[in-house]
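For reference, final15.cif (mmCIF, C-alpha atoms and all ligand atoms):
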data_protein
#
loop_
_atom_site.label_atom_id
_atom_site.label_comp_id
_atom_site.auth_asym_id
_atom_site.auth_seq_id
_atom_site.Cartn_x
_atom_site.Cartn_y
_atom_site.Cartn_z
CA MET A 16 -8.30 -2.09 16.32
CA ILE A 17 -8.31 -5.89 15.88
CA LEU A 18 -8.35 -7.23 12.33
CA ASP A 19 -9.61 -10.66 11.37
CA SER A 20 -7.68 -13.15 9.30
CA ALA A 21 -7.97 -16.86 8.58
CA SER A 22 -5.03 -17.43 10.90
CA GLY A 23 -6.65 -15.40 13.72
CA GLY A 24 -7.14 -11.76 14.68
CA TYR A 25 -4.25 -9.35 15.03
CA PRO A 26 -3.99 -5.89 16.57
CA VAL A 27 -3.35 -2.77 14.51
CA LEU A 28 -2.20 0.14 16.65
CA ILE A 29 -2.29 3.63 15.16
CA GLY A 30 -0.99 6.64 17.06
CA THR A 31 2.02 8.74 17.98
CA ASN A 32 5.18 7.64 19.82
CA LEU A 33 4.09 4.04 20.24
CA ASN A 34 7.29 2.52 21.60
CA ARG A 35 5.67 1.48 24.85
CA GLU A 36 2.76 -0.13 22.96
CA LEU A 37 5.27 -1.92 20.75
CA ARG A 38 7.03 -3.26 23.83
CA ASN A 39 3.68 -4.54 25.13
CA VAL A 40 2.90 -6.18 21.78
CA ILE A 41 6.25 -7.99 21.86
CA THR A 42 5.76 -9.02 25.49
CA ARG A 43 2.35 -10.48 24.59
CA LEU A 44 3.72 -12.37 21.59
CA ASP A 45 6.49 -13.70 23.81
CA PRO A 46 8.79 -14.75 20.94
CA THR A 47 11.95 -16.83 21.41
CA GLY A 48 13.88 -14.23 19.43
CA ALA A 49 13.30 -11.07 17.39
CA ALA A 50 15.12 -9.85 14.31
CA ILE A 51 14.60 -6.42 12.77
CA ILE A 52 14.69 -5.86 9.02
CA THR A 53 14.79 -2.24 7.85
CA ASP A 54 16.42 -0.11 5.17
CA ALA A 55 19.37 2.24 5.32
CA ASN A 56 17.22 5.42 5.56
CA VAL A 57 15.00 4.13 8.34
CA ARG A 58 17.84 2.69 10.45
CA PRO A 59 17.62 5.43 13.14
CA TYR A 60 13.95 4.63 13.65
CA ALA A 61 14.73 0.89 13.69
CA ALA A 62 17.27 1.59 16.45
CA LYS A 63 14.43 3.03 18.58
CA VAL A 64 12.36 -0.07 17.87
CA ALA A 65 15.35 -2.20 18.95
CA LYS A 66 15.43 -0.33 22.25
CA ALA A 67 11.74 -1.07 22.87
CA ILE A 68 12.36 -4.75 22.16
CA LYS A 69 15.31 -4.87 24.51
CA ARG A 70 13.10 -3.32 27.19
CA ALA A 71 10.76 -6.26 26.62
CA GLY A 72 13.70 -8.42 27.71
CA LEU A 73 14.76 -9.74 24.29
CA LYS A 74 18.02 -9.53 22.40
CA THR A 75 17.66 -8.26 18.87
CA SER A 76 19.74 -7.12 15.93
CA ILE A 77 19.13 -5.02 12.83
CA HIS A 78 19.57 -5.93 9.18
CA ALA A 79 19.38 -2.90 6.84
CA ILE A 80 18.77 -3.47 3.14
CA PRO A 81 19.62 -0.77 0.58
CA ALA A 82 16.77 1.76 0.34
CA SER A 83 15.52 0.92 -3.12
CA GLU A 84 12.73 -0.94 -4.89
CA ARG A 85 15.58 -3.04 -6.35
CA SER A 86 16.00 -4.55 -2.89
CA LYS A 87 12.88 -6.65 -3.51
CA SER A 88 15.22 -9.18 -5.11
CA MET A 89 16.31 -12.77 -4.73
CA ALA A 90 19.77 -11.60 -3.59
CA GLN A 91 18.34 -9.42 -0.80
CA LEU A 92 15.92 -12.16 0.20
CA GLU A 93 18.83 -14.56 0.52
CA SER A 94 20.78 -12.14 2.66
CA ALA A 95 17.71 -11.49 4.87
CA LEU A 96 17.30 -15.25 5.37
CA ALA A 97 21.00 -15.57 6.20
CA PHE A 98 20.50 -12.82 8.79
CA LEU A 99 17.62 -14.78 10.39
CA GLU A 100 19.77 -17.90 10.41
CA ARG A 101 22.72 -16.09 12.00
CA ASN A 102 20.41 -14.76 14.67
CA ARG A 103 19.01 -18.24 15.35
CA ILE A 104 15.40 -17.22 14.74
CA ASP A 105 13.49 -20.45 15.32
CA ARG A 106 9.80 -21.23 14.80
CA GLY A 107 8.89 -19.36 17.98
CA GLY A 108 10.76 -16.25 16.87
CA CYS A 109 9.57 -13.20 15.02
CA VAL A 110 10.61 -10.82 12.28
CA ILE A 111 10.01 -7.12 12.77
CA ALA A 112 9.72 -5.11 9.56
CA VAL A 113 10.52 -1.44 10.12
CA GLY A 114 10.09 0.66 7.00
CA GLY A 115 7.94 1.32 3.98
CA GLY A 116 6.32 -1.11 1.58
CA THR A 117 9.66 -2.21 0.17
CA VAL A 118 10.94 -3.42 3.53
CA GLY A 119 7.50 -4.76 4.45
CA ASP A 120 7.19 -6.86 1.31
CA LEU A 121 10.70 -8.33 1.54
CA ALA A 122 10.73 -8.87 5.32
CA GLY A 123 7.18 -10.22 5.22
CA PHE A 124 8.14 -12.76 2.57
CA ALA A 125 11.25 -13.74 4.54
CA ALA A 126 8.99 -14.28 7.59
CA ALA A 127 6.54 -16.31 5.47
CA ILE A 128 9.16 -18.80 4.31
CA TRP A 129 11.72 -18.88 7.11
CA GLN A 130 11.16 -22.10 9.11
CA ARG A 131 7.95 -22.43 7.01
CA GLY A 132 6.66 -19.27 8.58
CA VAL A 133 7.49 -17.22 11.66
CA ARG A 134 5.49 -14.36 13.12
CA LEU A 135 5.75 -10.93 11.55
CA VAL A 136 5.34 -7.63 13.32
CA ALA A 137 4.93 -4.75 10.88
CA VAL A 138 6.13 -1.30 11.89
CA PRO A 139 5.23 0.75 8.81
CA THR A 140 7.07 4.09 8.51
CA THR A 141 5.55 5.47 5.30
CA LEU A 142 1.99 6.63 4.79
CA LEU A 143 1.58 4.09 1.99
CA ALA A 144 2.72 1.25 4.22
CA MET A 145 0.36 2.37 6.99
CA VAL A 146 -2.74 2.64 4.81
CA ASP A 147 -1.99 -0.14 2.38
CA SER A 148 0.98 -2.50 2.27
CA SER A 149 1.20 -3.47 5.96
CA ILE A 150 -2.45 -4.60 5.91
CA GLY A 151 -3.75 -7.55 3.94
CA GLY A 152 -0.92 -10.06 4.05
CA LYS A 153 0.58 -9.71 0.59
CA THR A 154 4.34 -10.17 0.76
CA GLY A 155 6.93 -10.76 -1.89
CA ILE A 156 9.75 -9.70 -4.15
CA ASN A 157 10.01 -8.76 -7.81
CA GLY A 158 10.73 -11.18 -10.62
CA LEU A 159 13.52 -10.41 -13.08
CA LYS A 160 11.12 -8.36 -15.18
CA SER A 161 7.82 -8.32 -13.35
CA LYS A 162 6.79 -6.60 -10.14
CA ASN A 163 5.75 -8.65 -7.10
CA ALA A 164 5.98 -11.89 -9.10
CA VAL A 165 7.27 -14.09 -6.25
CA GLY A 166 5.49 -14.03 -2.95
CA ALA A 167 3.15 -15.40 -0.36
CA PHE A 168 0.10 -14.41 1.61
CA TRP A 169 1.32 -14.03 5.17
CA GLN A 170 -0.70 -12.07 7.70
CA PRO A 171 1.13 -10.10 10.38
CA ALA A 172 0.87 -10.95 14.07
CA ALA A 173 0.61 -7.22 14.82
CA VAL A 174 0.92 -3.85 13.08
CA VAL A 175 2.21 -0.80 14.92
CA ALA A 176 1.80 2.38 12.88
CA ASP A 177 3.60 5.20 14.66
CA LEU A 178 2.66 8.48 13.00
CA ALA A 179 5.72 10.15 14.52
CA SER A 180 7.80 8.36 11.90
CA ILE A 181 5.94 10.12 9.08
CA LYS A 182 7.63 13.45 9.94
CA THR A 183 10.86 12.56 8.18
CA LEU A 184 9.24 11.06 5.09
CA PRO A 185 10.30 12.66 1.77
CA ALA A 186 7.57 15.02 0.52
CA ALA A 187 6.96 13.22 -2.77
CA ASN A 188 6.50 9.82 -1.13
CA TYR A 189 4.09 11.32 1.41
CA ARG A 190 1.99 13.12 -1.19
CA ASP A 191 1.87 10.19 -3.61
CA ALA A 192 0.41 7.95 -0.90
CA PHE A 193 -2.71 10.10 -0.97
CA ALA A 194 -3.61 8.52 -4.29
CA GLU A 195 -4.33 5.28 -2.40
CA VAL A 196 -6.12 7.22 0.33
CA VAL A 197 -8.36 8.90 -2.27
CA LYS A 198 -8.88 5.44 -3.79
CA TYR A 199 -10.40 4.10 -0.55
CA ALA A 200 -12.54 7.22 -0.27
CA VAL A 201 -13.95 7.08 -3.80
CA ALA A 202 -14.34 3.32 -3.96
CA MET A 203 -15.51 2.57 -0.44
CA ASP A 204 -15.91 5.39 2.05
CA ARG A 205 -17.92 8.57 1.46
CA GLY A 206 -17.19 9.81 5.01
CA LEU A 207 -13.46 9.56 4.33
CA PHE A 208 -13.99 11.50 1.11
CA ASP A 209 -15.67 14.34 3.02
CA LEU A 210 -12.95 14.29 5.68
CA LEU A 211 -10.26 14.57 3.00
CA GLN A 212 -12.11 17.35 1.20
CA ARG A 213 -12.39 19.41 4.38
CA ASN A 214 -8.89 18.82 5.64
CA SER A 215 -6.44 18.59 2.76
CA PRO A 216 -4.29 21.54 3.98
CA ARG A 217 -3.94 20.05 7.48
CA LEU A 218 -3.12 16.68 5.99
CA LEU A 219 -0.53 18.14 3.65
CA GLU A 220 1.05 19.71 6.73
CA ARG A 221 1.16 16.21 8.26
CA ASP A 222 -1.12 17.05 11.16
CA THR A 223 -0.90 13.87 13.21
CA SER A 224 -4.36 13.90 14.77
CA MET A 225 -5.96 14.27 11.34
CA LEU A 226 -3.63 11.63 9.93
CA GLU A 227 -4.65 9.25 12.67
CA ARG A 228 -8.30 9.52 11.60
CA VAL A 229 -7.42 9.03 7.95
CA VAL A 230 -5.11 6.06 8.52
CA PHE A 231 -7.73 4.43 10.75
CA ARG A 232 -10.43 4.71 8.09
CA CYS A 233 -8.15 3.40 5.34
CA VAL A 234 -7.09 0.42 7.43
CA ALA A 235 -10.74 -0.29 8.28
CA ALA A 236 -11.72 -0.10 4.58
CA LYS A 237 -8.93 -2.43 3.49
CA ALA A 238 -9.56 -4.81 6.37
CA LEU A 239 -13.21 -5.10 5.40
CA VAL A 240 -12.48 -6.44 1.92
CA VAL A 241 -9.46 -8.49 2.94
CA ALA A 242 -11.57 -10.28 5.56
CA LYS A 243 -14.00 -11.29 2.79
CA ASP A 244 -11.31 -12.36 0.35
CA GLU A 245 -7.89 -12.89 1.89
CA ARG A 246 -6.46 -14.59 -1.20
CA ASP A 247 -7.62 -11.98 -3.72
CA ARG A 248 -9.98 -14.15 -5.72
CA GLY A 249 -13.07 -11.92 -5.75
CA PRO A 250 -14.27 -8.85 -3.82
CA ARG A 251 -10.73 -7.76 -2.92
CA ALA A 252 -10.49 -6.58 -6.52
CA ILE A 253 -12.19 -3.36 -5.42
CA LEU A 254 -8.79 -2.31 -4.10
CA ASN A 255 -7.69 -2.35 -7.71
CA TYR A 256 -9.67 0.83 -8.40
CA GLY A 257 -7.44 3.09 -10.51
CA HIS A 258 -4.85 0.37 -10.92
CA THR A 259 -5.90 -0.95 -14.34
CA ALA A 260 -4.78 2.12 -16.29
CA GLY A 261 -2.36 3.03 -13.48
CA HIS A 262 -0.33 -0.19 -13.72
CA ALA A 263 -0.39 0.06 -17.51
CA LEU A 264 1.04 3.58 -17.36
CA GLU A 265 3.75 2.41 -14.95
CA ALA A 266 4.69 -0.50 -17.20
CA ALA A 267 4.62 1.64 -20.36
CA THR A 268 6.97 4.20 -18.78
CA GLY A 269 9.39 1.57 -17.47
CA PHE A 270 8.28 2.26 -13.87
CA ARG A 271 9.75 5.76 -14.02
CA ILE A 272 6.52 7.28 -12.76
CA ALA A 273 5.69 7.13 -9.04
CA HIS A 274 3.04 4.53 -8.24
CA GLY A 275 0.74 7.09 -6.60
CA ARG A 276 0.79 9.36 -9.63
CA ALA A 277 0.02 6.41 -11.86
CA VAL A 278 -2.92 5.41 -9.66
CA ALA A 279 -4.23 8.99 -9.75
CA PHE A 280 -4.06 8.83 -13.55
CA GLY A 281 -5.82 5.46 -13.46
CA MET A 282 -8.63 6.73 -11.24
CA ARG A 283 -9.20 9.66 -13.58
CA VAL A 284 -9.36 7.29 -16.56
CA ALA A 285 -11.73 4.90 -14.78
CA ALA A 286 -14.07 7.68 -13.70
CA GLN A 287 -14.20 9.17 -17.20
CA ILE A 288 -14.97 5.75 -18.67
CA ALA A 289 -17.66 5.19 -16.02
CA PHE A 290 -19.21 8.55 -16.90
CA ALA A 291 -19.11 7.76 -20.63
CA MET A 292 -20.87 4.45 -19.90
CA ASP A 293 -23.48 6.22 -17.81
CA LEU A 294 -22.35 4.41 -14.68
CA CYS A 295 -21.69 7.58 -12.71
CA SER A 296 -22.50 11.27 -12.86
CA LYS A 297 -20.23 14.08 -14.05
CA ARG A 298 -20.05 15.23 -10.43
CA VAL A 299 -18.18 12.06 -9.48
CA VAL A 300 -15.55 12.76 -12.12
CA GLU A 301 -15.25 16.39 -11.09
CA SER A 302 -15.13 15.93 -7.35
CA GLN A 303 -12.58 13.13 -7.63
CA ASP A 304 -10.49 15.39 -9.90
CA ALA A 305 -10.71 18.25 -7.42
CA LEU A 306 -9.68 16.03 -4.50
CA LEU A 307 -6.68 14.62 -6.40
CA GLU A 308 -5.73 18.18 -7.32
CA ALA A 309 -6.00 19.22 -3.65
CA PHE A 310 -3.41 16.56 -2.83
CA GLU A 311 -1.15 17.83 -5.59
CA LEU A 312 -1.71 14.80 -7.78
CA PRO A 313 -1.82 16.57 -11.12
CA HIS A 314 -3.72 15.72 -14.25
CA ARG A 315 -0.83 15.46 -16.57
CA PRO A 316 1.18 12.23 -16.54
CA PRO A 317 4.69 12.08 -18.00
CA HIS A 318 4.87 11.45 -21.72
CA ALA A 319 3.80 7.88 -22.49
CA ASN A 320 3.08 6.09 -25.73
CA LEU A 321 -0.65 5.35 -26.16
CA ASN A 322 -0.17 1.95 -27.81
CA ARG A 323 2.28 0.89 -25.13
CA VAL A 324 -0.17 1.81 -22.39
CA LEU A 325 -2.97 -0.12 -24.13
CA ALA A 326 -0.73 -3.15 -24.71
CA ALA A 327 0.37 -3.13 -21.06
CA MET A 328 -3.28 -3.05 -20.01
CA ALA A 329 -4.04 -6.25 -21.90
CA MET A 330 -1.07 -7.88 -20.14
CA ASP A 331 -2.32 -6.79 -16.71
CA LYS A 332 -2.03 -9.68 -14.27
CA LYS A 333 -5.63 -9.11 -13.23
CA ALA A 334 -6.80 -9.58 -16.85
CA ARG A 335 -8.22 -12.96 -17.79
CA ARG A 336 -7.49 -14.06 -21.38
CA GLY A 337 -6.89 -10.43 -22.37
CA LYS A 338 -10.25 -9.31 -20.89
CA VAL A 339 -9.75 -6.56 -18.38
CA ALA A 340 -12.19 -6.35 -15.48
CA TRP A 341 -12.56 -2.69 -14.57
CA VAL A 342 -13.47 -1.30 -11.18
CA MET A 343 -15.93 1.50 -11.78
CA PRO A 344 -17.10 4.29 -9.46
CA ARG A 345 -20.91 4.48 -9.28
CA ARG A 346 -21.02 7.31 -6.75
CA ILE A 347 -18.54 8.77 -4.28
CA GLY A 348 -17.88 6.06 -1.69
CA HIS A 349 -19.06 3.19 -3.83
CA ALA A 350 -17.33 1.38 -6.69
CA GLU A 351 -18.18 -1.89 -8.44
CA ILE A 352 -15.88 -4.61 -9.70
CA GLY A 353 -15.99 -6.69 -12.87
CA HIS A 354 -17.04 -4.21 -15.55
CA SER A 355 -15.99 -4.84 -19.12
CA VAL A 356 -15.38 -1.82 -21.32
CA PRO A 357 -15.33 -1.63 -25.12
CA GLY A 358 -11.76 -1.31 -26.41
CA ALA A 359 -12.56 1.76 -28.48
CA LEU A 360 -13.80 3.64 -25.42
CA VAL A 361 -10.70 2.73 -23.41
CA ARG A 362 -8.52 3.94 -26.29
CA ARG A 363 -10.42 7.22 -26.59
CA VAL A 364 -10.28 8.05 -22.88
CA VAL A 365 -6.65 6.99 -22.40
CA LYS A 366 -5.64 8.97 -25.49
CA ARG A 367 -7.37 12.09 -24.17
CA SER A 368 -5.86 11.60 -20.70
CA LEU A 369 -2.35 11.29 -22.10
CA ALA A 370 -2.64 14.40 -24.30
N1 LIG B 1 2.07 -5.73 -0.04
C1 LIG B 1 1.18 -4.89 -0.45
O1 LIG B 1 -0.03 -5.09 -0.29
C2 LIG B 1 1.63 -3.63 -1.12
C3 LIG B 1 0.70 -2.62 -1.40
C4 LIG B 1 1.16 -1.43 -1.97
C5 LIG B 1 2.50 -1.27 -2.27
N2 LIG B 1 3.38 -2.29 -1.99
C6 LIG B 1 4.82 -2.13 -2.27
O2 LIG B 1 5.32 -1.07 -1.47
C7 LIG B 1 6.48 -0.52 -2.08
C8 LIG B 1 6.44 0.98 -1.98
O3 LIG B 1 6.35 1.32 -0.63
P1 LIG B 1 6.57 2.79 -0.05
O4 LIG B 1 5.86 3.79 -0.86
O5 LIG B 1 6.30 2.69 1.40
O6 LIG B 1 8.09 3.09 -0.39
P2 LIG B 1 9.48 2.55 0.15
O7 LIG B 1 9.36 1.50 1.17
O8 LIG B 1 10.29 2.23 -1.06
O9 LIG B 1 10.06 3.85 0.84
C9 LIG B 1 10.26 5.04 0.10
C10 LIG B 1 11.50 5.78 0.58
O10 LIG B 1 11.25 6.38 1.84
C11 LIG B 1 12.23 6.00 2.79
N3 LIG B 1 11.56 5.99 4.09
C12 LIG B 1 10.67 5.09 4.56
N4 LIG B 1 10.17 5.50 5.73
C13 LIG B 1 10.77 6.69 6.01
C14 LIG B 1 10.65 7.63 7.07
N5 LIG B 1 9.79 7.46 8.08
N6 LIG B 1 11.42 8.74 7.03
C15 LIG B 1 12.27 8.95 5.98
N7 LIG B 1 12.41 8.12 4.94
C16 LIG B 1 11.66 7.00 4.96
C17 LIG B 1 12.72 4.67 2.30
O11 LIG B 1 14.02 4.40 2.77
C18 LIG B 1 12.70 4.87 0.80
O12 LIG B 1 13.85 5.54 0.37
C19 LIG B 1 6.51 -1.06 -3.51
O13 LIG B 1 7.50 -2.04 -3.60
C20 LIG B 1 5.12 -1.71 -3.68
O14 LIG B 1 5.15 -2.80 -4.57
C21 LIG B 1 2.96 -3.44 -1.43
#
Taking this structure as input, can you express it in the form of structure tokens?
Amino acid sequence: MILDSASGGYPVLIGTNLNRELRNVITRLDPTGAAIITDANVRPYAAKVAKAIKRAGLKTSIHAIPASERSKSMAQLESALAFLERNRIDRGGCVIAVGGGTVGDLAGFAAAIWQRGVRLVAVPTTLLAMVDSSIGGKTGINGLKSKNAVGAFWQPAAVVADLASIKTLPAANYRDAFAEVVKYAVAMDRGLFDLLQRNSPRLLERDTSMLERVVFRCVAAKALVVAKDERDRGPRAILNYGHTAGHALEAATGFRIAHGRAVAFGMRVAAQIAFAMDLCSKRVVESQDALLEAFELPHRPPHANLNRVLAAMAMDKKARRGKVAWVMPRRIGHAEIGHSVPGALVRRVVKRSLA
């Protein structure tokens, strides 16, 4: 599919064993040089990507960062930029990010600032990167204490999502990504919700043809809102469904909980609040619960202090002067942004959800 962006459309290819398609993408972009950024775990897959690039008649080399969220750091950014410099990537060159969201965010940011911006080809290798982080143009690294504090909007020139790479993904990372998938379904896409409901066992077994349908729908959903609001100043906030309480739980537990689990918690909290405010029916709460359960995203979060979670919520970067704007489900497939919720209700629901 072709996605729109202010800087022009770009292709997103989703399928299995896409090395030939990748070669064609590179040939079409016709860069003066190509440099691959990956992480230590994904290196074997990056080597295959390197082969495809060489077949397109280009020299390339691979820079592997340590496989850790801590790699979204100033030090790793500096070493990625030094790698681009060593490889003489000029303004006509391109960076190829092969990996999950960690690699994508760091490599994307390096591409955004190197030579004031060179083209980026994203080759996402995690489910989360395919359905979320490789689309939408947010790139960046962490601040000393805050996540994703330093960054830039930089849209890719192409995205090549090869589902074959998902096979080797650790089980927990794969399963947790379904929190974001369920998010798209509940907030934006009823048809996706039905598809997930009917096919959770096949998806948990990583059936590639089913995955292809799911990834396609998620990318389409994200693309739709990003096209309306590339810089995240309005409607894009719908993608924040489940993230208000989710981020707060992550912050309150020192980021020891997986992001997907935190988002699942956050979606449960948001739906219960919406029900209490008469914004949605009990069925919405229950069917979302059942779907999260089907993807092994359990009810019970790790122990977290209620006051810490509430304090973190007020600090949320999406809050304006301490006022949190909630994204609320109205029915399956449709959520609304910008709801304010009485503090006492938030406290009551979060308390119950943490018990
Ligand atoms: N830019 C955005 O819009 C956006 C959106 C969501 C998340 N993110 C960021 O994404 C990051 C999380 O991304 P993630 O969940 O993809 O995790 P990740 O990139 O940290 O990868 C998780 C682990 O899986 C390994 N891995 C990756 N692909 C593999 C494969 N095919 N086979 C085997 N192992 C593989 C990695 O080496 C790593 O150890 C966070 O830093 C988050 O902030 C960014």
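Near segment 193-198 of chain A, within a cut-off of 9 Å and counting only C-alpha atoms, sit the residues Leu142, Leu143, Val146, Asp147, Leu207, Phe208, Leu211, Val229, Val230, Cys233, Leu254, Asn255, Tyr256, Gly257, His274, Gly275, Arg276, Ala277, Val278, Ala279, Met282, Gln303, Leu306, Leu307, Phe310 and Leu312 of chain A, with same-chain residues fewer than 6 positions away left out.
One finds atom CA of Ala285 of chain A at 14.7 Å from atom CA of Ala200 of chain A.
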Contact residues around segment 318-321 of chain A with all atoms listed in the file at 12 Å, ignoring same-chain residues under 2 positions, as a ChimeraX atom specification: /A:260-261,263-272,277,280,315-316,323-328,361-370
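Near Asp45 of chain A, within 12 Å and counting all atoms listed in the file, sit Arg38, Asn39, Val40, Ile41, Ala49, Ile68, Ala71, Gly72, Leu73, Gly107, Gly108, Cys109, Arg134 and Ala172 of chain A, not including residues fewer than 4 positions from it in the same chain.
Minimum atom-to-atom distance to ligand LIG 1 (chain B), evaluated using only C-alpha atoms and all ligand atoms, belongs to A:Leu184 out of A:Met145, A:Val64, A:Met225, A:Leu184.
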Closest contacts (chain A/ligand LIG 1 (chain B), max 7 Å, all atoms listed in the file) as JSON lines:
{"residue": "A:Asp54", "atom": "CA", "partner": "B:LIG1", "partner_atom": "O11", "distance": 5.6}
{"residue": "A:Ala55", "atom": "CA", "partner": "B:LIG1", "partner_atom": "O11", "distance": 6.3}
{"residue": "A:Asn56", "atom": "CA", "partner": "B:LIG1", "partner_atom": "O11", "distance": 4.4}
{"residue": "A:Val57", "atom": "CA", "partner": "B:LIG1", "partner_atom": "C13", "distance": 5.5}
{"residue": "A:Ala82", "atom": "CA", "partner": "B:LIG1", "partner_atom": "O11", "distance": 4.5}
{"residue": "A:Ser83", "atom": "CA", "partner": "B:LIG1", "partner_atom": "O8", "distance": 5.8}
{"residue": "A:Glu84", "atom": "CA", "partner": "B:LIG1", "partner_atom": "O13", "distance": 5.5}
{"residue": "A:Gly114", "atom": "CA", "partner": "B:LIG1", "partner_atom": "N4", "distance": 5.0}
{"residue": "A:Gly115", "atom": "CA", "partner": "B:LIG1", "partner_atom": "O7", "distance": 3.2}
{"residue": "A:Gly116", "atom": "CA", "partner": "B:LIG1", "partner_atom": "O2", "distance": 3.2}
{"residue": "A:Thr117", "atom": "CA", "partner": "B:LIG1", "partner_atom": "O7", "distance": 3.9}
{"residue": "A:Val118", "atom": "CA", "partner": "B:LIG1", "partner_atom": "O7", "distance": 5.7}
{"residue": "A:Asp120", "atom": "CA", "partner": "B:LIG1", "partner_atom": "N1", "distance": 5.4}
{"residue": "A:Thr140", "atom": "CA", "partner": "B:LIG1", "partner_atom": "N5", "distance": 4.4}
{"residue": "A:Thr141", "atom": "CA", "partner": "B:LIG1", "partner_atom": "N4", "distance": 4.6}
{"residue": "A:Leu142", "atom": "CA", "partner": "B:LIG1", "partner_atom": "O5", "distance": 6.8}
{"residue": "A:Leu143", "atom": "CA", "partner": "B:LIG1", "partner_atom": "O5", "distance": 5.0}
{"residue": "A:Ala144", "atom": "CA", "partner": "B:LIG1", "partner_atom": "O5", "distance": 4.8}
{"residue": "A:Asp147", "atom": "CA", "partner": "B:LIG1", "partner_atom": "C3", "distance": 5.3}
{"residue": "A:Ser148", "atom": "CA", "partner": "B:LIG1", "partner_atom": "C1", "distance": 3.6}
{"residue": "A:Ser149", "atom": "CA", "partner": "B:LIG1", "partner_atom": "N1", "distance": 6.5}
{"residue": "A:Ile150", "atom": "CA", "partner": "B:LIG1", "partner_atom": "O1", "distance": 6.7}
{"residue": "A:Gly151", "atom": "CA", "partner": "B:LIG1", "partner_atom": "O1", "distance": 6.1}
{"residue": "A:Gly152", "atom": "CA", "partner": "B:LIG1", "partner_atom": "O1", "distance": 6.7}
{"residue": "A:Lys153", "atom": "CA", "partner": "B:LIG1", "partner_atom": "N1", "distance": 4.3}
{"residue": "A:Thr154", "atom": "CA", "partner": "B:LIG1", "partner_atom": "N1", "distance": 5.1}
{"residue": "A:Lys162", "atom": "CA", "partner": "B:LIG1", "partner_atom": "O14", "distance": 6.9}
{"residue": "A:Asn163", "atom": "CA", "partner": "B:LIG1", "partner_atom": "O14", "distance": 6.4}
{"residue": "A:Ser180", "atom": "CA", "partner": "B:LIG1", "partner_atom": "N5", "distance": 4.4}
{"residue": "A:Ile181", "atom": "CA", "partner": "B:LIG1", "partner_atom": "N5", "distance": 4.8}
{"residue": "A:Lys182", "atom": "CA", "partner": "B:LIG1", "partner_atom": "N5", "distance": 6.6}
{"residue": "A:Thr183", "atom": "CA", "partner": "B:LIG1", "partner_atom": "N6", "distance": 4.0}
{"residue": "A:Leu184", "atom": "CA", "partner": "B:LIG1", "partner_atom": "N6", "distance": 3.7}
{"residue": "A:Pro185", "atom": "CA", "partner": "B:LIG1", "partner_atom": "N7", "distance": 5.9}
{"residue": "A:Asn188", "atom": "CA", "partner": "B:LIG1", "partner_atom": "O4", "distance": 6.1}
{"residue": "A:Ala192", "atom": "CA", "partner": "B:LIG1", "partner_atom": "O4", "distance": 6.9}
Suppose we keep C-alpha atoms; can you now write the selection as an mmCIF file, in the frame of the given file?
data_model
loop_
_atom_site.group_PDB
_atom_site.id
_atom_site.type_symbol
_atom_site.label_atom_id
_atom_site.label_comp_id
_atom_site.auth_asym_id
_atom_site.auth_seq_id
_atom_site.Cartn_x
_atom_site.Cartn_y
_atom_site.Cartn_z
ATOM 1 C CA ASP A 54 16.420 -0.110 5.170
ATOM 2 C CA ALA A 55 19.370 2.240 5.320
ATOM 3 C CA ASN A 56 17.220 5.420 5.560
ATOM 4 C CA VAL A 57 15.000 4.130 8.340
ATOM 5 C CA ALA A 82 16.770 1.760 0.340
ATOM 6 C CA SER A 83 15.520 0.920 -3.120
ATOM 7 C CA GLU A 84 12.730 -0.940 -4.890
ATOM 8 C CA GLY A 114 10.090 0.660 7.000
ATOM 9 C CA GLY A 115 7.940 1.320 3.980
ATOM 10 C CA GLY A 116 6.320 -1.110 1.580
ATOM 11 C CA THR A 117 9.660 -2.210 0.170
ATOM 12 C CA VAL A 118 10.940 -3.420 3.530
ATOM 13 C CA ASP A 120 7.190 -6.860 1.310
ATOM 14 C CA THR A 140 7.070 4.090 8.510
ATOM 15 C CA THR A 141 5.550 5.470 5.300
ATOM 16 C CA LEU A 142 1.990 6.630 4.790
ATOM 17 C CA LEU A 143 1.580 4.090 1.990
ATOM 18 C CA ALA A 144 2.720 1.250 4.220
ATOM 19 C CA ASP A 147 -1.990 -0.140 2.380
ATOM 20 C CA SER A 148 0.980 -2.500 2.270
ATOM 21 C CA SER A 149 1.200 -3.470 5.960
ATOM 22 C CA ILE A 150 -2.450 -4.600 5.910
ATOM 23 C CA GLY A 151 -3.750 -7.550 3.940
ATOM 24 C CA GLY A 152 -0.920 -10.060 4.050
ATOM 25 C CA LYS A 153 0.580 -9.710 0.590
ATOM 26 C CA THR A 154 4.340 -10.170 0.760
ATOM 27 C CA LYS A 162 6.790 -6.600 -10.140
ATOM 28 C CA ASN A 163 5.750 -8.650 -7.100
ATOM 29 C CA SER A 180 7.800 8.360 11.900
ATOM 30 C CA ILE A 181 5.940 10.120 9.080
ATOM 31 C CA LYS A 182 7.630 13.450 9.940
ATOM 32 C CA THR A 183 10.860 12.560 8.180
ATOM 33 C CA LEU A 184 9.240 11.060 5.090
ATOM 34 C CA PRO A 185 10.300 12.660 1.770
ATOM 35 C CA ASN A 188 6.500 9.820 -1.130
ATOM 36 C CA ALA A 192 0.410 7.950 -0.900
#
One number please: atom CA of Ile51 of chain A to atom CA of Ala79 of chain A, in Å, one decimal. 8.4 Å
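The smallest atom-to-atom distance between Val284 of chain A and any of A:Gln91, A:Ser22, A:Thr259, A:Thr75, using all atoms listed in the file, is found for A:Thr259.
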